[in-house]
Number of protein chains: 4
Amino acid sequence: MVGGGPGAMIGAAHRHAMWLDNQYVLAAGIFGRHRHASAAFAEGLGVERVYDDYREMAEQEAAREDGVDVVAVVTPNDTHFEIARAFLEAGISVVCEKPLTNDSDTAAALVTIAESTQTILAVPHIYSAYAMVRHAARMVRNGELGRIRFVAAEHASGWASAQIDQWRMDPERGGVATAVADVGTHAFHLLRYITGLEATRVSAELSTLVPGRPVFDNATMRLTLSNGAPATVWATMAATGHEHGLRIRVFGDDASLEWRHEDPQHLTIRDPDGGSTILAQGMGTLSDDAARITRVGLGHPEGFLEAFANFYLDLAEMLRGQTARELSIPTGVDGLIGVRFVEATVTSQVNDAAWVNFPESP
Amino acid sequence: MVGGGPGAMIGAAHRHAMWLDNQYVLAAGIFGRHRHASAAFAEGLGVERVYDDYREMAEQEAAREDGVDVVAVVTPNDTHFEIARAFLEAGISVVCEKPLTNDSDTAAALVTIAESTQTILAVPHIYSAYAMVRHAARMVRNGELGRIRFVAAEHASGWASAQIDQWRMDPERGGVATAVADVGTHAFHLLRYITGLEATRVSAELSTLVPGRPVFDNATMRLTLSNGAPATVWATMAATGHEHGLRIRVFGDDASLEWRHEDPQHLTIRDPDGGSTILAQGMGTLSDDAARITRVGLGHPEGFLEAFANFYLDLAEMLRGQTARELSIPTGVDGLIGVRFVEATVTSQVNDAAWVNFPESP
Amino acid sequence: MVGGGPGAMIGAAHRHAMWLDNQYVLAAGIFGRHRHASAAFAEGLGVERVYDDYREMAEQEAAREDGVDVVAVVTPNDTHFEIARAFLEAGISVVCEKPLTNDSDTAAALVTIAESTQTILAVPHIYSAYAMVRHAARMVRNGELGRIRFVAAEHASGWASAQIDQWRMDPERGGVATAVADVGTHAFHLLRYITGLEATRVSAELSTLVPGRPVFDNATMRLTLSNGAPATVWATMAATGHEHGLRIRVFGDDASLEWRHEDPQHLTIRDPDGGSTILAQGMGTLSDDAARITRVGLGHPEGFLEAFANFYLDLAEMLRGQTARELSIPTGVDGLIGVRFVEATVTSQVNDAAWVNFPESP
Amino acid sequence: MVGGGPGAMIGAAHRHAMWLDNQYVLAAGIFGRHRHASAAFAEGLGVERVYDDYREMAEQEAAREDGVDVVAVVTPNDTHFEIARAFLEAGISVVCEKPLTNDSDTAAALVTIAESTQTILAVPHIYSAYAMVRHAARMVRNGELGRIRFVAAEHASGWASAQIDQWRMDPERGGVATAVADVGTHAFHLLRYITGLEATRVSAELSTLVPGRPVFDNATMRLTLSNGAPATVWATMAATGHEHGLRIRVFGDDASLEWRHEDPQHLTIRDPDGGSTILAQGMGTLSDDAARITRVGLGHPEGFLEAFANFYLDLAEMLRGQTARELSIPTGVDGLIGVRFVEATVTSQVNDAAWVNFPESP
């Protein structure tokens, strides 16, 4: 692991997720810029090998017989590219936090490097690893909703409803379109994952809800999907009073579905007559996609860390050489599409929210 | 009443609303184009005077000492103007269904006529007459949310998720922007009512979700509000599986609120720390705006017809010559603003969803 | 109407319910013990004939050609018997608030009198007139839940969570088992109505939650139903923070259902696999029992007053001589069974919550 | 670990819980009665030392310098006593599944042995280790609800709504009062944990909802609490269509609270005026009791395994010699009280649901 030192929430989440199923040993890492603090933190975690520099770590781990199979990069956005590249080039697979990088050229480069070194590059859009999201994706692929006619996705969090001092609010570190990069990419990936559709163009209005904030903390986006259907994505971290605020509704000709992160073990299906059915994780009649990542059973909620652990379970299968399942985890290409999404919204914004076409998928 | 014959849901709702508080007598009307059916229907309702023609009705009712004080116009959109004009010019107040007319010139003309004849022209955006909506509007005016930073409104109904044969789906009768005219104006009015803000510009993408339908049954709109805040309005009648689907979330610097039509006697307030409070109609601590239109009390749901009756209660006060309350019912100007909203969305649509400025308010 | 003067909530509810569908004219009444206040109140309501005394009213209305068809008795419990008897004996039908009387002998007498005078005696357990309750009752009768194995009903209101000075808290006026008489009978009737089962025995623990209150404001009851299944009923008006708190869950071998008064237009059906389906009033696929009392349609909530109006609609049919429908309104026998329920809980209470058998139904 | 072999859900839950925070190594165990299967299973888990017999395991682990600190006993109820005794007597702490044993004499013996050998005996009523349950308990202790006046707890699961072949349904293995032993003890412990009150007497009606089942799968219980307040506990595993169905409502003079296992990261507080506040795990204003066991933060659901891991975190503190916190995990005494609860319900049942006094607490 690179990053994720004391107080870093996302680093801790990665570790719990690795531990939960006892499939990973955290063997090496860099937990911050300060050597002593990093070493002390590593010792507390039982991490044997601590490094000062990611290049050194990549080199030495690659050289060891018992070197790490995969490294999690959980540092600020502007450092992702160099760190991920170092490990991929050393033949070590990488889990790199989103957005993969701050521009699509470097993101595309990472994809290319991973291909050429036959390593895995995975991007933890964790929400697609919830059992009920997988089931939703399966229902769409099974045609149970009919043709998709509209999608409304939102990741409207309240975590930064007031001024906050953090690298995410520094346009130099995380880019200017913070709302899109930080949360919008999650909603966008969820939309792609469940529907199996790509976006062909986007129109974005970026705005700043918290006065004085130097980045855009709010974004309303329109998409045209690859089947021609319209969609909307709303992303913000300034939705006063919201918890995490990730939610998606997919409307088909025959039915619609809704999933909300605040109640992740349920999935609501709505029928044209106005009745709705609530499916619950653990029901015997769910798809195998959901069943295989259900640890306890009906009525026993599994949450964010279990979803994160599902991501690592699927990654473990891939590291063992198994072909990725049809409904598996996001990889570098998904990360690249996410970066292009961020870029497209910025382009749209400077053109008065005009439509911007996506490049054909890589 | 003009319109609202057998099978017309909205006409029946007007009647229940008039009756509920025993403040109105339905004395005269035209209940359809077929004379005999209209007369038979009127007799069933106990309506004494039935007319063949609205001009005749306006003239004769105006001439009677005991003529009607107000007439409800519940006919298809394209007939509103002529009918409402006839009554207003005869000095009879009018409740005219939304959209007021199909173009802003005629809508503005009605407003002018009502002013010059000192009649009341009211438009039944009923949702603003729910007790908890009134309370929400009061909270915003009291500053309990702080500065409004964002609004997300939607009226996403599922009532026409499949092909349906109705005048609303005929562009000649109801215009091409059906989703905006039929339901979008409700969401838009609700937004204006609760926030007390106007829109200064709009960008709209109109689309057709049900294949082959000759009108736009879906609309995603961006607004800029008069305080500079961004907002979104989503309107459709093709949201498969939705019930009525009217819902609004208003985000302020200090708190946010949410109201949903499927649960109208509650109002959710969310605080920046992530906690939420659910207010219930009938609580002793609510504003007088809510209390005065609460008939039963805590835990006794009041629904659509009670809201409709609230509209008629406020109208009765105005007919008696009382000054309209600060939080009262929508009038002709609101109807005109609604028509301009529909027009602006069509203009935006033909310009690739470009921003369209609203005229300064009348 | 007898009772229901200024400030009396339940009297007002009766009136709104009569008016809503324009099926009743409120022609005569006594609106309190003070003559002038009663007359003034009547005038405000447009009631033509005001009386000082219910005997006089019964006599004179019976004598008139245009005398009232039915009278609503909405006075304190201890006056029900004499008033209802006077009207029934005069040949005028009666709607008498629950509990019908304070003891089963007088309740049985009223039933007998109504039979002998061929009048209608109806008891407004309004909750059984909600469309979705009717649908629930139909589903059970259709066998969609299978054999009923358990029922959990509760009417746990918070309206008297603190000390309150009212005749309901006076054991002389309303009896000592206030929680059972005032709200428990509603839950009990709802249970009987939906399941179609009677109770054969009851065990009750009555207690006082608000210190110093001279009546029992809390009751936990066990029932054995006529098919042998166990059931529980919890009744209180001191459930701090609750709204109205009426809720029922019926468990069958094949499915269970839940209905809550705070969300009356929905009905939840739960299947053995853990999935649940939410039915909404206005769906095209509901039973005719629900459809016939749905005024507006899907997504347009109908509340307490509409349910009350449904009661009066069914009563109007009966007054016109139509045979009562299978799923209709509660009559005197239901009121009598409710009174026996109250009595049985008191007997159980003084015997340390022992089982008390119900008499065979009348 | 003893028990918890292939397919045993609860054994798997223990393991995930131990792993999640990387505080435990699973070093030794017996995973079933068949030696080879047990050894193969252990190898898959990375468990080094596998035994055939728990006595042998207790003896040898006690003898090793690196022997286990604690053993989890997750076998059928009727084996708990002998196995737990063996480890406790060997000086090894024990986590023993509930009910602790099948009779209070043996349960009391285990408590005594643990005291004399200065070992820890813990009972995984996991639900009291949810962050929001801890917060609820803190609120009650802080007096935020005022005097407790009533409690309604239920553990009404649907997991055995149909016939099922399992040791839990064998009266020889798990006793006759299955509903009480298997789920009722959880609801009962939750009630004691949140309120800080004991029960002084109980009345129970045990029944069988699934025809032909040789045990009682349903139990309705009345309690009198140590402050004199009444309470109810409903326990069943035959609530058709329910998920896990654990839920508690605590009513105080000043407020009430509700917690449901299906939505464990929220806690609802209801105020006397009818308003309710929903607290969410991760809010900055919650008690330290909740904050210290919140891993991720607001809007990131933590579920059953996290609660289980909280249990093991607290146990780890105790194993390190730290004094147990005020709000910590259930120990042998709680297990003993649970067993007495089961016994009392059986005594009540055979006496027609008569009141049965609890012994003074040990």
# chains A, B, ... in the order shown; residues from 1 in each chain; ligands from 1
>>> closest_atom_pairs(of="chain A", to="chain B", cutoff="10 Å", atoms="only C-alpha atoms", output="JSON lines")
{"residue": "A:Leu145", "atom": "CA", "partner": "B:Thr240", "partner_atom": "CA", "distance": 9.5}
{"residue": "A:Ile148", "atom": "CA", "partner": "B:Leu209", "partner_atom": "CA", "distance": 9.3}
{"residue": "A:Arg149", "atom": "CA", "partner": "B:Leu209", "partner_atom": "CA", "distance": 5.7}
{"residue": "A:Phe150", "atom": "CA", "partner": "B:Leu209", "partner_atom": "CA", "distance": 7.4}
{"residue": "A:Val151", "atom": "CA", "partner": "B:Ala239", "partner_atom": "CA", "distance": 9.8}
{"residue": "A:Ala152", "atom": "CA", "partner": "B:Trp234", "partner_atom": "CA", "distance": 9.6}
{"residue": "A:Ser157", "atom": "CA", "partner": "B:Gly274", "partner_atom": "CA", "distance": 9.9}
{"residue": "A:Gly158", "atom": "CA", "partner": "B:Pro272", "partner_atom": "CA", "distance": 7.2}
{"residue": "A:Trp159", "atom": "CA", "partner": "B:Pro272", "partner_atom": "CA", "distance": 8.4}
{"residue": "A:Ala160", "atom": "CA", "partner": "B:Pro272", "partner_atom": "CA", "distance": 9.2}
{"residue": "A:Ser161", "atom": "CA", "partner": "B:Pro272", "partner_atom": "CA", "distance": 6.8}
{"residue": "A:Ala162", "atom": "CA", "partner": "B:Asp253", "partner_atom": "CA", "distance": 7.8}
{"residue": "A:Ser203", "atom": "CA", "partner": "B:Ala353", "partner_atom": "CA", "distance": 9.2}
{"residue": "A:Glu205", "atom": "CA", "partner": "B:Arg222", "partner_atom": "CA", "distance": 8.5}
{"residue": "A:Leu206", "atom": "CA", "partner": "B:Pro230", "partner_atom": "CA", "distance": 9.4}
{"residue": "A:Ser207", "atom": "CA", "partner": "B:Pro230", "partner_atom": "CA", "distance": 7.6}
{"residue": "A:Thr208", "atom": "CA", "partner": "B:Arg149", "partner_atom": "CA", "distance": 9.0}
{"residue": "A:Leu209", "atom": "CA", "partner": "B:Arg149", "partner_atom": "CA", "distance": 5.7}
{"residue": "A:Val210", "atom": "CA", "partner": "B:Asp253", "partner_atom": "CA", "distance": 7.8}
{"residue": "A:Pro211", "atom": "CA", "partner": "B:Arg149", "partner_atom": "CA", "distance": 9.5}
{"residue": "A:Asn218", "atom": "CA", "partner": "B:Phe150", "partner_atom": "CA", "distance": 9.1}
{"residue": "A:Ala219", "atom": "CA", "partner": "B:Pro230", "partner_atom": "CA", "distance": 9.6}
{"residue": "A:Thr220", "atom": "CA", "partner": "B:Thr232", "partner_atom": "CA", "distance": 7.9}
{"residue": "A:Met221", "atom": "CA", "partner": "B:Arg222", "partner_atom": "CA", "distance": 9.6}
{"residue": "A:Arg222", "atom": "CA", "partner": "B:Thr220", "partner_atom": "CA", "distance": 8.1}
{"residue": "A:Ala229", "atom": "CA", "partner": "B:Leu209", "partner_atom": "CA", "distance": 7.8}
{"residue": "A:Pro230", "atom": "CA", "partner": "B:Ser207", "partner_atom": "CA", "distance": 7.6}
{"residue": "A:Ala231", "atom": "CA", "partner": "B:Thr220", "partner_atom": "CA", "distance": 8.8}
{"residue": "A:Thr232", "atom": "CA", "partner": "B:Thr220", "partner_atom": "CA", "distance": 7.9}
{"residue": "A:Trp234", "atom": "CA", "partner": "B:Thr232", "partner_atom": "CA", "distance": 9.4}
{"residue": "A:Ala238", "atom": "CA", "partner": "B:Phe251", "partner_atom": "CA", "distance": 8.8}
{"residue": "A:Ala239", "atom": "CA", "partner": "B:Phe251", "partner_atom": "CA", "distance": 6.4}
{"residue": "A:Thr240", "atom": "CA", "partner": "B:Pro272", "partner_atom": "CA", "distance": 5.3}
{"residue": "A:Gly241", "atom": "CA", "partner": "B:Pro272", "partner_atom": "CA", "distance": 4.3}
{"residue": "A:His242", "atom": "CA", "partner": "B:Gly274", "partner_atom": "CA", "distance": 5.8}
{"residue": "A:Glu243", "atom": "CA", "partner": "B:Gly274", "partner_atom": "CA", "distance": 5.6}
{"residue": "A:His244", "atom": "CA", "partner": "B:Gly274", "partner_atom": "CA", "distance": 9.3}
{"residue": "A:Arg249", "atom": "CA", "partner": "B:Ala239", "partner_atom": "CA", "distance": 9.8}
{"residue": "A:Val250", "atom": "CA", "partner": "B:Thr240", "partner_atom": "CA", "distance": 9.2}
{"residue": "A:Phe251", "atom": "CA", "partner": "B:Thr240", "partner_atom": "CA", "distance": 6.0}
{"residue": "A:Gly252", "atom": "CA", "partner": "B:Thr240", "partner_atom": "CA", "distance": 6.8}
{"residue": "A:Asp253", "atom": "CA", "partner": "B:Thr240", "partner_atom": "CA", "distance": 6.8}
{"residue": "A:Asp254", "atom": "CA", "partner": "B:Thr240", "partner_atom": "CA", "distance": 7.1}
{"residue": "A:Ala255", "atom": "CA", "partner": "B:Thr240", "partner_atom": "CA", "distance": 5.7}
{"residue": "A:Ser256", "atom": "CA", "partner": "B:Thr240", "partner_atom": "CA", "distance": 5.8}
{"residue": "A:Leu257", "atom": "CA", "partner": "B:Gly241", "partner_atom": "CA", "distance": 8.8}
{"residue": "A:Ile269", "atom": "CA", "partner": "B:Gly241", "partner_atom": "CA", "distance": 8.1}
{"residue": "A:Arg270", "atom": "CA", "partner": "B:Gly241", "partner_atom": "CA", "distance": 4.5}
{"residue": "A:Asp271", "atom": "CA", "partner": "B:Gly241", "partner_atom": "CA", "distance": 4.5}
{"residue": "A:Pro272", "atom": "CA", "partner": "B:Gly241", "partner_atom": "CA", "distance": 4.4}
{"residue": "A:Asp273", "atom": "CA", "partner": "B:Gly241", "partner_atom": "CA", "distance": 6.3}
{"residue": "A:Gly274", "atom": "CA", "partner": "B:Gly241", "partner_atom": "CA", "distance": 4.7}
{"residue": "A:Gly275", "atom": "CA", "partner": "B:Gly241", "partner_atom": "CA", "distance": 6.8}
{"residue": "A:Ser276", "atom": "CA", "partner": "B:Gly241", "partner_atom": "CA", "distance": 7.3}
{"residue": "A:Asp352", "atom": "CA", "partner": "B:Ala354", "partner_atom": "CA", "distance": 8.1}
{"residue": "A:Ala353", "atom": "CA", "partner": "B:Ala354", "partner_atom": "CA", "distance": 7.8}
{"residue": "A:Ala354", "atom": "CA", "partner": "B:Ala354", "partner_atom": "CA", "distance": 7.2}
{"residue": "A:Trp355", "atom": "CA", "partner": "B:Asp352", "partner_atom": "CA", "distance": 8.1}
>>> select_by_dssp(residues="range 68-187 of chain A", states="helix (DSSP H, G or I)", output="VMD selection string")
chain A and resid 77 to 89 104 to 117 126 to 129 131 to 141 167 to 169 171 to 174 178 to 187
>>> residues_around(residues="range 15-25 of chain B", least_positions_apart="4", cutoff="8 Å", atoms="only C-alpha atoms", output="list of chain:residue names")
B:Gly11, B:Leu305, B:Glu306, B:Phe308, B:Ala309, B:Asn310, B:Tyr312, B:Leu313, B:Ala316, C:His16, C:Ala17, C:Trp19, C:Leu20, C:Asp21, C:Asn22
>>> write_last_selection(atoms="C-alpha atoms", output="PDB file, in the first residue's frame")
ATOM      1  CA  GLY B  11     -63.232  17.698 -12.638  1.00  0.00           C
ATOM      2  CA  LEU B 305     -58.387  16.290  -1.957  1.00  0.00           C
ATOM      3  CA  GLU B 306     -57.683  18.133   1.276  1.00  0.00           C
ATOM      4  CA  PHE B 308     -57.356  20.845  -3.261  1.00  0.00           C
ATOM      5  CA  ALA B 309     -59.907  21.931  -0.666  1.00  0.00           C
ATOM      6  CA  ASN B 310     -57.274  24.201   0.889  1.00  0.00           C
ATOM      7  CA  TYR B 312     -60.709  26.465  -2.520  1.00  0.00           C
ATOM      8  CA  LEU B 313     -60.726  27.664   1.097  1.00  0.00           C
ATOM      9  CA  ALA B 316     -63.243  31.591  -0.776  1.00  0.00           C
TER      10      ALA B 316
ATOM     11  CA  HIS C  16     -66.259  16.668   6.364  1.00  0.00           C
ATOM     12  CA  ALA C  17     -66.912  13.004   5.618  1.00  0.00           C
ATOM     13  CA  TRP C  19     -69.833  16.596   2.731  1.00  0.00           C
ATOM     14  CA  LEU C  20     -66.937  15.196   0.720  1.00  0.00           C
ATOM     15  CA  ASP C  21     -69.117  13.230  -1.663  1.00  0.00           C
ATOM     16  CA  ASN C  22     -72.125  15.512  -1.484  1.00  0.00           C
TER      17      ASN C  22
END
>>> residues_around(residues="Val71 in chain A", least_positions_apart="3", cutoff="10 Å", atoms="only C-alpha atoms", output="ChimeraX atom specification")
/A:1-2,26-29,58,68,74,83-84,87-88,92-96,121
>>> write_last_selection(atoms="all heavy atoms", output="short mmCIF file (atom, residue, chain, number, x, y, z; two decimals), in the first residue's frame")
data_model
loop_
_atom_site.label_atom_id
_atom_site.label_comp_id
_atom_site.auth_asym_id
_atom_site.auth_seq_id
_atom_site.Cartn_x
_atom_site.Cartn_y
_atom_site.Cartn_z
N MET A 1 0.84 -1.20 0.00
CA MET A 1 0.00 0.00 0.00
C MET A 1 0.88 1.25 0.00
O MET A 1 1.84 1.34 0.76
CB MET A 1 -0.90 -0.01 1.24
CG MET A 1 -1.76 1.24 1.37
SD MET A 1 -2.97 1.12 2.73
CE MET A 1 -4.20 0.04 2.02
N VAL A 2 0.50 2.18 -0.85
CA VAL A 2 1.17 3.47 -0.85
C VAL A 2 0.14 4.53 -0.50
O VAL A 2 -0.86 4.68 -1.20
CB VAL A 2 1.80 3.79 -2.22
CG1 VAL A 2 2.48 5.16 -2.20
CG2 VAL A 2 2.79 2.70 -2.60
N LEU A 26 -0.96 -7.88 4.23
CA LEU A 26 -0.38 -6.57 3.95
C LEU A 26 1.10 -6.63 4.30
O LEU A 26 1.47 -6.60 5.48
CB LEU A 26 -1.12 -5.51 4.79
CG LEU A 26 -0.87 -4.04 4.45
CD1 LEU A 26 -1.23 -3.74 3.01
CD2 LEU A 26 -1.70 -3.15 5.37
N ALA A 27 1.92 -6.75 3.27
CA ALA A 27 3.32 -7.11 3.52
C ALA A 27 4.27 -5.94 3.41
O ALA A 27 5.36 -5.97 4.01
CB ALA A 27 3.74 -8.21 2.55
N ALA A 28 3.89 -4.92 2.65
CA ALA A 28 4.85 -3.84 2.42
C ALA A 28 4.10 -2.55 2.16
O ALA A 28 2.95 -2.57 1.71
CB ALA A 28 5.73 -4.17 1.20
N GLY A 29 4.74 -1.42 2.42
CA GLY A 29 4.02 -0.18 2.17
C GLY A 29 4.79 1.09 2.51
O GLY A 29 5.92 1.06 3.03
N ALA A 58 8.83 -0.42 -5.58
CA ALA A 58 8.48 -1.16 -6.79
C ALA A 58 9.64 -2.07 -7.20
O ALA A 58 9.47 -3.26 -7.50
CB ALA A 58 8.12 -0.20 -7.93
N VAL A 68 5.22 -8.42 -3.17
CA VAL A 68 3.76 -8.27 -3.22
C VAL A 68 3.23 -8.52 -4.63
O VAL A 68 3.90 -8.27 -5.62
CB VAL A 68 3.33 -6.86 -2.77
CG1 VAL A 68 3.70 -6.61 -1.31
CG2 VAL A 68 3.93 -5.79 -3.67
N VAL A 74 -3.29 4.86 -2.76
CA VAL A 74 -4.36 5.64 -2.13
C VAL A 74 -3.83 7.03 -1.75
O VAL A 74 -4.13 7.54 -0.67
CB VAL A 74 -4.94 4.90 -0.91
CG1 VAL A 74 -5.72 3.67 -1.38
CG2 VAL A 74 -3.85 4.47 0.05
N ILE A 83 3.18 6.95 -9.48
CA ILE A 83 3.27 5.80 -8.59
C ILE A 83 2.75 4.54 -9.27
O ILE A 83 3.42 3.48 -9.27
CB ILE A 83 2.50 6.07 -7.28
CG1 ILE A 83 3.06 7.30 -6.57
CG2 ILE A 83 2.55 4.85 -6.36
CD1 ILE A 83 2.26 7.76 -5.35
N ALA A 84 1.57 4.65 -9.87
CA ALA A 84 0.99 3.47 -10.52
C ALA A 84 1.92 2.99 -11.64
O ALA A 84 2.15 1.78 -11.79
CB ALA A 84 -0.40 3.80 -11.07
N PHE A 87 4.88 0.84 -10.43
CA PHE A 87 4.59 -0.56 -10.07
C PHE A 87 4.22 -1.39 -11.29
O PHE A 87 4.66 -2.52 -11.44
CB PHE A 87 3.48 -0.61 -9.00
CG PHE A 87 3.98 -0.18 -7.65
CD1 PHE A 87 3.78 1.11 -7.19
CD2 PHE A 87 4.69 -1.07 -6.86
CE1 PHE A 87 4.26 1.50 -5.95
CE2 PHE A 87 5.18 -0.68 -5.61
CZ PHE A 87 4.97 0.61 -5.15
N LEU A 88 3.38 -0.82 -12.15
CA LEU A 88 2.98 -1.57 -13.34
C LEU A 88 4.21 -1.93 -14.18
O LEU A 88 4.33 -3.06 -14.66
CB LEU A 88 1.99 -0.76 -14.17
CG LEU A 88 0.63 -0.50 -13.52
CD1 LEU A 88 -0.19 0.47 -14.39
CD2 LEU A 88 -0.15 -1.81 -13.31
N ILE A 92 4.12 -5.31 -11.17
CA ILE A 92 3.25 -5.49 -10.00
C ILE A 92 1.89 -4.88 -10.30
O ILE A 92 1.80 -3.73 -10.74
CB ILE A 92 3.88 -4.81 -8.76
CG1 ILE A 92 5.21 -5.51 -8.42
CG2 ILE A 92 2.92 -4.84 -7.58
CD1 ILE A 92 6.02 -4.83 -7.34
N SER A 93 0.84 -5.65 -10.07
CA SER A 93 -0.51 -5.14 -10.32
C SER A 93 -0.84 -4.00 -9.37
O SER A 93 -0.22 -3.86 -8.30
CB SER A 93 -1.54 -6.27 -10.16
OG SER A 93 -1.37 -7.21 -11.22
N VAL A 94 -1.80 -3.19 -9.79
CA VAL A 94 -2.08 -1.96 -9.05
C VAL A 94 -3.59 -1.78 -8.87
O VAL A 94 -4.36 -1.93 -9.82
CB VAL A 94 -1.51 -0.73 -9.79
CG1 VAL A 94 -2.07 0.59 -9.22
CG2 VAL A 94 0.01 -0.72 -9.70
N VAL A 95 -3.98 -1.46 -7.63
CA VAL A 95 -5.31 -0.92 -7.38
C VAL A 95 -5.11 0.58 -7.18
O VAL A 95 -4.44 0.99 -6.23
CB VAL A 95 -5.94 -1.53 -6.11
CG1 VAL A 95 -7.23 -0.80 -5.75
CG2 VAL A 95 -6.18 -3.01 -6.30
N CYS A 96 -5.65 1.37 -8.09
CA CYS A 96 -5.42 2.81 -8.01
C CYS A 96 -6.73 3.54 -7.77
O CYS A 96 -7.68 3.37 -8.54
CB CYS A 96 -4.75 3.32 -9.29
SG CYS A 96 -4.39 5.09 -9.20
N LEU A 121 -4.66 -3.63 -13.64
CA LEU A 121 -4.88 -2.27 -13.12
C LEU A 121 -6.36 -2.18 -12.79
O LEU A 121 -7.21 -2.31 -13.67
CB LEU A 121 -4.50 -1.24 -14.19
CG LEU A 121 -4.82 0.23 -13.87
CD1 LEU A 121 -4.13 0.70 -12.60
CD2 LEU A 121 -4.42 1.11 -15.06
#
>>> residues_around(residues="Pro6 in chain D", least_positions_apart="6", cutoff="9 Å", atoms="only C-alpha atoms", output="list of chain:residue names")
D:Ala12, D:Phe31, D:Gly32, D:Ala37, D:Ser38, D:Phe41
>>> residues_around(residues="Arg134 in chain C", least_positions_apart="4", cutoff="7 Å", atoms="only C-alpha atoms", output="ChimeraX atom specification")
/C:128-130,138,289-290,327
>>> write_last_selection(atoms="C-alpha atoms", output="PDB file, in the first residue's frame")
ATOM      1  CA  SER C 128     -61.693  -0.520   7.989  1.00  0.00           C
ATOM      2  CA  ALA C 129     -62.977   1.867   5.331  1.00  0.00           C
ATOM      3  CA  TYR C 130     -59.559   2.611   3.881  1.00  0.00           C
ATOM      4  CA  ARG C 138     -60.142  -9.291   0.197  1.00  0.00           C
ATOM      5  CA  ASP C 289     -63.370  -3.426  -3.013  1.00  0.00           C
ATOM      6  CA  ALA C 290     -60.503  -0.957  -3.164  1.00  0.00           C
ATOM      7  CA  LEU C 327     -66.862  -5.874   2.875  1.00  0.00           C
TER       8      LEU C 327
END
>>> residues_around(residues="Leu190 in chain D", least_positions_apart="5", cutoff="8 Å", atoms="only C-alpha atoms", output="PyMOL selection string")
chain D and resi 125+127-128+248
>>> write_last_selection(atoms="all heavy atoms", output="compact mmCIF listing (two decimals), in the first residue's frame")
# COMPACT_ATOMS: atom_id res chain seq x y z
N HIS D 125 -24.22 -11.91 21.95
CA HIS D 125 -25.41 -11.18 21.54
C HIS D 125 -24.91 -9.97 20.76
O HIS D 125 -24.69 -8.90 21.31
CB HIS D 125 -26.23 -10.76 22.76
CG HIS D 125 -26.88 -11.89 23.47
ND1 HIS D 125 -27.80 -12.72 22.86
CD2 HIS D 125 -26.75 -12.36 24.74
CE1 HIS D 125 -28.21 -13.63 23.72
NE2 HIS D 125 -27.58 -13.44 24.87
N TYR D 127 -25.95 -7.97 18.59
CA TYR D 127 -26.72 -6.77 18.26
C TYR D 127 -26.41 -5.61 19.19
O TYR D 127 -26.56 -4.45 18.84
CB TYR D 127 -28.20 -7.14 18.20
CG TYR D 127 -28.39 -8.35 17.32
CD1 TYR D 127 -28.52 -9.62 17.84
CD2 TYR D 127 -28.31 -8.21 15.93
CE1 TYR D 127 -28.62 -10.74 17.03
CE2 TYR D 127 -28.40 -9.32 15.11
CZ TYR D 127 -28.55 -10.59 15.66
OH TYR D 127 -28.62 -11.67 14.84
N SER D 128 -25.96 -5.93 20.39
CA SER D 128 -25.60 -4.86 21.31
C SER D 128 -24.25 -4.25 20.96
O SER D 128 -23.82 -3.31 21.61
CB SER D 128 -25.60 -5.37 22.75
OG SER D 128 -24.66 -6.42 22.89
N ILE D 248 -36.46 -2.84 18.23
CA ILE D 248 -36.80 -2.46 19.60
C ILE D 248 -37.27 -1.02 19.64
O ILE D 248 -36.75 -0.16 18.91
CB ILE D 248 -35.60 -2.68 20.56
CG1 ILE D 248 -36.05 -2.45 22.01
CG2 ILE D 248 -34.41 -1.80 20.20
CD1 ILE D 248 -35.07 -3.00 23.03
>>> atom_distance(atom1="CA of Gly282 in chain B", atom2="CA of Ile10 in chain C")
14.7 Å
